[in-house]
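Q: To be precise about what I am sending: the file is called query_28.csv and holds CSV, C-alpha atoms.
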```csv
chain,number,residue,atom,x,y,z
A,134,MET,CA,-114.3,-49.3,-57.4
A,135,THR,CA,-111.0,-49.2,-59.4
A,136,PHE,CA,-107.7,-50.4,-57.9
A,137,SER,CA,-104.3,-51.7,-59.1
A,138,SER,CA,-101.4,-53.5,-57.7
A,139,LEU,CA,-97.6,-53.4,-57.9
A,140,ALA,CA,-95.4,-56.6,-57.8
A,141,ILE,CA,-92.2,-56.1,-56.0
A,142,GLU,CA,-89.4,-58.2,-54.4
A,143,ILE,CA,-88.5,-57.8,-50.8
A,144,ALA,CA,-85.8,-59.8,-49.0
A,145,GLY,CA,-85.6,-62.0,-52.0
A,146,GLN,CA,-89.3,-62.8,-51.9
A,147,PRO,CA,-92.1,-61.8,-54.3
A,148,LEU,CA,-94.9,-59.6,-52.8
A,149,VAL,CA,-97.8,-57.8,-54.4
A,150,LEU,CA,-98.9,-54.4,-52.9
A,151,SER,CA,-102.5,-53.5,-53.6
A,152,SER,CA,-103.9,-50.0,-53.7
A,153,LEU,CA,-106.7,-51.4,-51.6
A,154,ARG,CA,-104.1,-51.3,-48.8
A,155,ALA,CA,-103.3,-55.0,-48.5
A,156,SER,CA,-100.5,-57.3,-49.7
A,157,PHE,CA,-100.4,-60.7,-51.3
A,158,ASP,CA,-97.8,-63.5,-51.5
A,159,PRO,CA,-98.3,-65.2,-54.9
A,160,VAL,CA,-96.3,-68.3,-53.8
A,161,LEU,CA,-98.2,-69.0,-50.7
A,162,ARG,CA,-101.4,-67.5,-52.1
A,163,ALA,CA,-101.8,-65.6,-48.8
A,164,LEU,CA,-103.5,-62.3,-48.4
A,165,PHE,CA,-102.2,-60.0,-45.7
A,166,ILE,CA,-104.4,-57.2,-44.1
A,167,ALA,CA,-103.4,-55.0,-41.2
A,168,ASP,CA,-105.6,-52.9,-38.9
A,169,ALA,CA,-109.1,-53.5,-40.3
A,170,HIS,CA,-110.7,-52.1,-37.0
A,171,PHE,CA,-114.1,-53.6,-37.8
A,172,GLY,CA,-116.8,-51.9,-35.7
A,173,LYS,CA,-114.8,-48.7,-34.9
A,174,ASP,CA,-117.7,-46.5,-36.0
A,175,ALA,CA,-120.0,-48.5,-33.7
A,176,VAL,CA,-117.6,-47.9,-30.8
A,177,PHE,CA,-117.7,-44.1,-31.5
A,178,ARG,CA,-121.5,-44.1,-31.5
A,179,ALA,CA,-121.6,-46.2,-28.3
A,180,ARG,CA,-119.4,-43.5,-26.7
A,181,GLY,CA,-121.7,-40.7,-27.8
A,182,ILE,CA,-119.8,-39.5,-30.8
A,183,PRO,CA,-122.1,-39.3,-33.9
A,184,VAL,CA,-120.4,-40.8,-36.9
A,185,PRO,CA,-122.0,-42.4,-39.9
A,186,THR,CA,-122.3,-46.1,-40.5
A,187,GLY,CA,-120.9,-48.0,-43.4
A,188,SER,CA,-117.2,-48.8,-42.7
A,189,THR,CA,-117.9,-52.5,-42.1
A,190,ALA,CA,-119.6,-52.8,-45.5
A,191,ASP,CA,-116.8,-50.9,-47.2
A,192,ASN,CA,-114.1,-53.1,-45.6
A,193,LEU,CA,-115.9,-56.3,-46.6
A,194,LEU,CA,-116.4,-55.0,-50.2
A,195,ARG,CA,-112.7,-54.3,-50.5
A,196,ILE,CA,-111.8,-57.8,-49.1
A,197,ASP,CA,-114.1,-59.4,-51.6
A,198,LEU,CA,-112.4,-57.4,-54.4
A,199,LEU,CA,-109.0,-58.6,-53.2
A,200,ILE,CA,-110.2,-62.2,-53.0
A,201,ALA,CA,-111.6,-62.0,-56.6
A,202,GLU,CA,-108.4,-60.5,-57.8
A,203,PHE,CA,-105.8,-62.8,-56.2
A,204,GLU,CA,-107.8,-65.9,-55.3
A,205,PRO,CA,-106.0,-66.5,-52.0
A,206,VAL,CA,-106.3,-69.7,-50.0
A,207,MET,CA,-105.4,-67.9,-46.8
A,208,LEU,CA,-106.3,-64.5,-45.4
A,209,VAL,CA,-104.2,-63.3,-42.5
A,210,PHE,CA,-105.2,-60.2,-40.4
A,211,LEU,CA,-102.1,-58.7,-38.9
A,212,GLY,CA,-103.8,-57.6,-35.7
A,213,ASP,CA,-106.7,-55.3,-34.8
A,214,LEU,CA,-109.4,-57.0,-36.7
A,215,LEU,CA,-111.8,-55.5,-34.2
A,216,HIS,CA,-111.6,-52.1,-32.6
A,217,ALA,CA,-113.1,-52.6,-29.1
A,218,ARG,CA,-115.6,-54.6,-27.2
A,219,GLU,CA,-118.4,-52.3,-28.4
A,220,SER,CA,-117.6,-53.5,-31.9
A,221,LEU,CA,-119.4,-56.7,-31.3
A,222,THR,CA,-122.8,-55.3,-32.2
A,223,PRO,CA,-125.4,-57.5,-33.9
A,224,LEU,CA,-125.1,-55.4,-37.0
A,225,THR,CA,-121.4,-55.9,-37.3
A,226,LEU,CA,-121.5,-59.6,-36.4
A,227,ASP,CA,-124.3,-60.3,-38.8
A,228,ALA,CA,-122.3,-58.7,-41.6
A,229,LEU,CA,-119.2,-60.7,-40.7
A,230,HIS,CA,-121.2,-63.9,-40.6
A,231,ALA,CA,-122.8,-63.2,-43.9
A,232,TRP,CA,-119.4,-62.5,-45.4
A,233,ARG,CA,-117.8,-65.7,-43.9
A,234,ALA,CA,-120.6,-67.8,-45.4
A,235,THR,CA,-119.6,-66.7,-48.9
A,236,HIS,CA,-116.0,-67.8,-48.3
A,237,PRO,CA,-116.3,-71.1,-46.3
A,238,GLN,CA,-113.1,-72.6,-47.7
A,239,LEU,CA,-110.9,-69.6,-47.0
A,240,HIS,CA,-108.4,-70.2,-44.1
A,241,VAL,CA,-108.7,-67.0,-42.0
A,242,VAL,CA,-106.1,-66.3,-39.3
A,243,LEU,CA,-105.9,-63.4,-36.9
A,244,VAL,CA,-102.5,-62.6,-35.4
A,245,GLU,CA,-103.8,-61.0,-32.3
A,246,GLY,CA,-103.3,-57.3,-31.8
A,247,ASN,CA,-103.7,-55.0,-28.8
A,248,HIS,CA,-107.3,-53.9,-29.9
A,249,ASP,CA,-108.3,-57.6,-30.3
A,250,ARG,CA,-107.3,-58.3,-26.7
A,251,HIS,CA,-109.5,-55.5,-25.5
A,252,ALA,CA,-112.4,-56.5,-27.8
A,253,GLY,CA,-112.5,-60.1,-26.6
A,254,ALA,CA,-112.8,-63.3,-28.6
A,255,LEU,CA,-114.7,-63.5,-31.9
A,256,PRO,CA,-117.6,-66.0,-32.1
A,257,ARG,CA,-116.4,-69.5,-33.0
A,258,THR,CA,-118.9,-69.5,-35.8
A,259,LEU,CA,-116.7,-67.1,-37.8
A,260,ASP,CA,-114.1,-69.8,-38.0
A,261,VAL,CA,-111.1,-67.5,-37.4
A,262,GLU,CA,-107.9,-69.1,-36.2
A,263,TYR,CA,-106.0,-67.2,-33.6
A,264,ALA,CA,-102.2,-66.9,-33.7
A,265,ARG,CA,-99.6,-65.2,-31.5
A,266,ALA,CA,-96.8,-63.1,-33.0
A,267,PRO,CA,-94.5,-63.9,-34.5
A,268,TRP,CA,-96.5,-66.3,-36.5
A,269,ARG,CA,-94.2,-68.0,-39.0
A,270,VAL,CA,-95.4,-68.9,-42.5
A,271,GLY,CA,-93.1,-69.3,-45.4
A,272,PRO,CA,-90.4,-66.6,-45.4
A,273,TRP,CA,-92.5,-64.3,-43.2
A,274,ALA,CA,-92.9,-63.6,-39.5
A,275,LEU,CA,-96.3,-62.2,-39.2
A,276,CYS,CA,-96.8,-59.7,-36.3
A,277,HIS,CA,-99.0,-56.9,-35.2
A,278,HIS,CA,-96.3,-54.7,-33.7
A,279,PRO,CA,-93.2,-54.1,-35.9
A,280,ARG,CA,-90.2,-56.0,-34.5
A,281,ALA,CA,-87.1,-58.0,-35.4
A,282,VAL,CA,-87.4,-61.7,-35.8
A,283,ASP,CA,-84.2,-63.8,-36.6
A,284,GLY,CA,-84.3,-65.6,-39.8
A,285,ALA,CA,-87.5,-64.1,-41.3
A,286,TYR,CA,-88.8,-61.0,-42.8
A,287,VAL,CA,-91.5,-59.4,-40.6
A,288,LEU,CA,-94.8,-58.1,-42.0
A,289,ALA,CA,-96.7,-56.0,-39.4
A,290,GLY,CA,-99.2,-53.3,-38.9
A,291,HIS,CA,-100.2,-51.2,-35.8
A,292,VAL,CA,-98.4,-48.0,-36.9
A,293,HIS,CA,-101.0,-47.0,-39.6
A,294,PRO,CA,-98.2,-45.4,-41.7
A,295,VAL,CA,-98.9,-42.4,-43.8
A,296,TYR,CA,-96.6,-40.1,-45.8
A,297,ARG,CA,-97.1,-36.3,-46.4
A,298,ILE,CA,-96.8,-35.1,-49.9
A,299,THR,CA,-96.1,-31.4,-50.1
A,300,THR,CA,-96.0,-28.8,-52.8
A,301,ARG,CA,-95.3,-25.1,-52.5
A,302,THR,CA,-98.9,-24.3,-51.6
A,303,ASP,CA,-100.5,-27.5,-50.4
A,304,SER,CA,-100.0,-30.9,-48.7
A,305,VAL,CA,-101.8,-34.2,-48.3
A,306,ARG,CA,-101.3,-37.3,-46.2
A,307,VAL,CA,-101.6,-40.6,-48.0
A,308,PRO,CA,-101.4,-44.2,-46.7
A,309,CYS,CA,-98.2,-46.1,-47.5
A,310,PHE,CA,-96.3,-49.3,-47.2
A,311,ARG,CA,-92.9,-48.9,-45.4
A,312,LEU,CA,-90.6,-51.7,-46.2
A,313,GLY,CA,-87.3,-51.8,-44.4
A,314,ALA,CA,-84.4,-54.3,-44.6
A,315,ASP,CA,-85.9,-56.7,-42.1
A,316,CYS,CA,-89.5,-55.5,-41.4
A,317,GLY,CA,-92.3,-54.1,-43.5
A,318,VAL,CA,-95.3,-52.2,-42.2
A,319,LEU,CA,-98.6,-52.3,-44.0
A,320,PRO,CA,-101.0,-49.3,-44.2
A,321,ALA,CA,-104.2,-49.6,-42.1
A,322,PHE,CA,-106.9,-51.4,-44.1
A,323,GLY,CA,-109.9,-50.0,-42.2
A,324,SER,CA,-112.0,-47.4,-43.8
A,325,PHE,CA,-112.5,-45.5,-40.5
A,326,THR,CA,-108.8,-45.3,-39.3
A,327,GLY,CA,-106.4,-42.5,-39.0
A,328,GLY,CA,-102.7,-42.3,-39.9
A,329,ALA,CA,-99.7,-42.0,-37.6
A,330,ARG,CA,-96.2,-41.9,-38.9
A,331,GLU,CA,-95.4,-39.4,-41.7
A,332,THR,CA,-92.0,-38.5,-43.0
A,333,GLY,CA,-88.5,-39.5,-41.8
A,334,ARG,CA,-87.5,-42.4,-43.9
A,335,VAL,CA,-85.1,-44.9,-42.3
A,336,ALA,CA,-81.9,-45.6,-44.2
A,337,GLY,CA,-82.5,-48.3,-46.7
A,338,GLU,CA,-86.3,-48.2,-46.3
A,339,LYS,CA,-88.6,-48.4,-49.4
A,340,VAL,CA,-91.8,-46.4,-49.2
A,341,PHE,CA,-94.7,-47.2,-51.5
A,342,LEU,CA,-97.5,-44.6,-51.5
A,343,VAL,CA,-101.2,-45.4,-52.0
A,344,VAL,CA,-102.4,-42.6,-54.2
A,345,GLN,CA,-106.1,-43.0,-55.2
A,346,ASP,CA,-106.1,-46.3,-57.2
A,347,LYS,CA,-102.4,-46.7,-57.6
A,348,VAL,CA,-99.3,-47.9,-55.6
A,349,ILE,CA,-96.3,-45.7,-56.4
A,350,GLU,CA,-92.8,-46.1,-55.1
A,351,LEU,CA,-91.4,-43.0,-53.5
A,352,ALA,CA,-88.2,-41.9,-55.4
A,353,GLY,CA,-84.9,-41.6,-53.7
```
Show me this structure written as structure tokens.

A:
Amino acid sequence: MTFSSLAIEIAGQPLVLSSLRASFDPVLRALFIADAHFGKDAVFRARGIPVPTGSTADNLLRIDLLIAEFEPVMLVFLGDLLHARESLTPLTLDALHAWRATHPQLHVVLVEGNHDRHAGALPRTLDVEYARAPWRVGPWALCHHPRAVDGAYVLAGHVHPVYRITTRTDSVRVPCFRLGADCGVLPAFGSFTGGARETGRVAGEKVFLVVQDKVIELAG
């Protein structure tokens, strides 16, 4: 799997945007991931909708690639680590436990999102610290829902931002990072997630498109 990253500065702070749909603070050595939605495919199958398996394995593979690339000391999920209560299947939990066993020293934090509250608590054996938004670390206020926080730059998820690229004859929606003056929203990390917001850039907002294995700043 090929991927790349783009180093930027936002609110005076360095931040790296990865085409694997995550961001990294090189000063704190902290990796930020929004909306992984582990077990979403299991939820669909439990509710009678036939979808293929494999999203958990793909999510964990991409997290491992990010860890190998950036060597973080902390991994923060910006909400919606799980999709629903039916996500807690033996198959999903076994995969998460196996992954955690390979990264025992990594400090993993979950800033609780709306799906996490519905899904219920993770097993303590996964060694995931729960935090309530806004969770302050360094210059950041880490949240699930985008919001304003005095004295900090907010990094959030929830929205699953995408942007529609159009030509005269065709169009495609791609995930994107949307970074405003005081709040930035990461794309959904999960392999089995949709996108919500498309065009309509807010004044002063920077948009970075994830196009295949590259992160590209939208001009203008």

Q: So, with only C-alpha atoms as the atoms that count, which of A:Glu338, A:Asp213, A:Asp260, A:Asp303 lies closest to Pro237 (chain A)?

A: A:Asp260

Q: As a ChimeraX atom specification, please: the residues near Asp168 (chain A) (cut-off 8 Å, all atoms listed in the file, same-chain neighbours under 4 positions excluded).

A: /A:210-214,290-291,293,320-323

Q: Between A:Leu221, A:Ala140, A:Val305, A:Val209, single out the one closest to Ala274 (chain A), counting only C-alpha atoms.

A: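 Checking each candidate against Ala274 (chain A), we get A:Val209 as the closest.
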
Q: Select, from A:Val241, A:Ala228, A:Leu215, A:Val335, the residue with the minimum atom-to-atom distance to Gly253 (chain A), counting all atoms listed in the file.

A: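 Once distances to Gly253 (chain A) are computed over all atoms listed in the file, the minimum belongs to A:Leu215.
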
Q: One decimal, Å: what's the distance from CA of Val287 (chain A) over to CA of Trp232 (chain A), could you say?

A: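 For CA of Val287 (chain A) relative to CA of Trp232 (chain A), the distance reads 28.5 Å.
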
Q: What is the CA of Val206 (chain A)-CA of Leu194 (chain A) distance in Å, reported with one decimal?

A: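 Separation of CA of Val206 (chain A) and CA of Leu194 (chain A): 17.8 Å.
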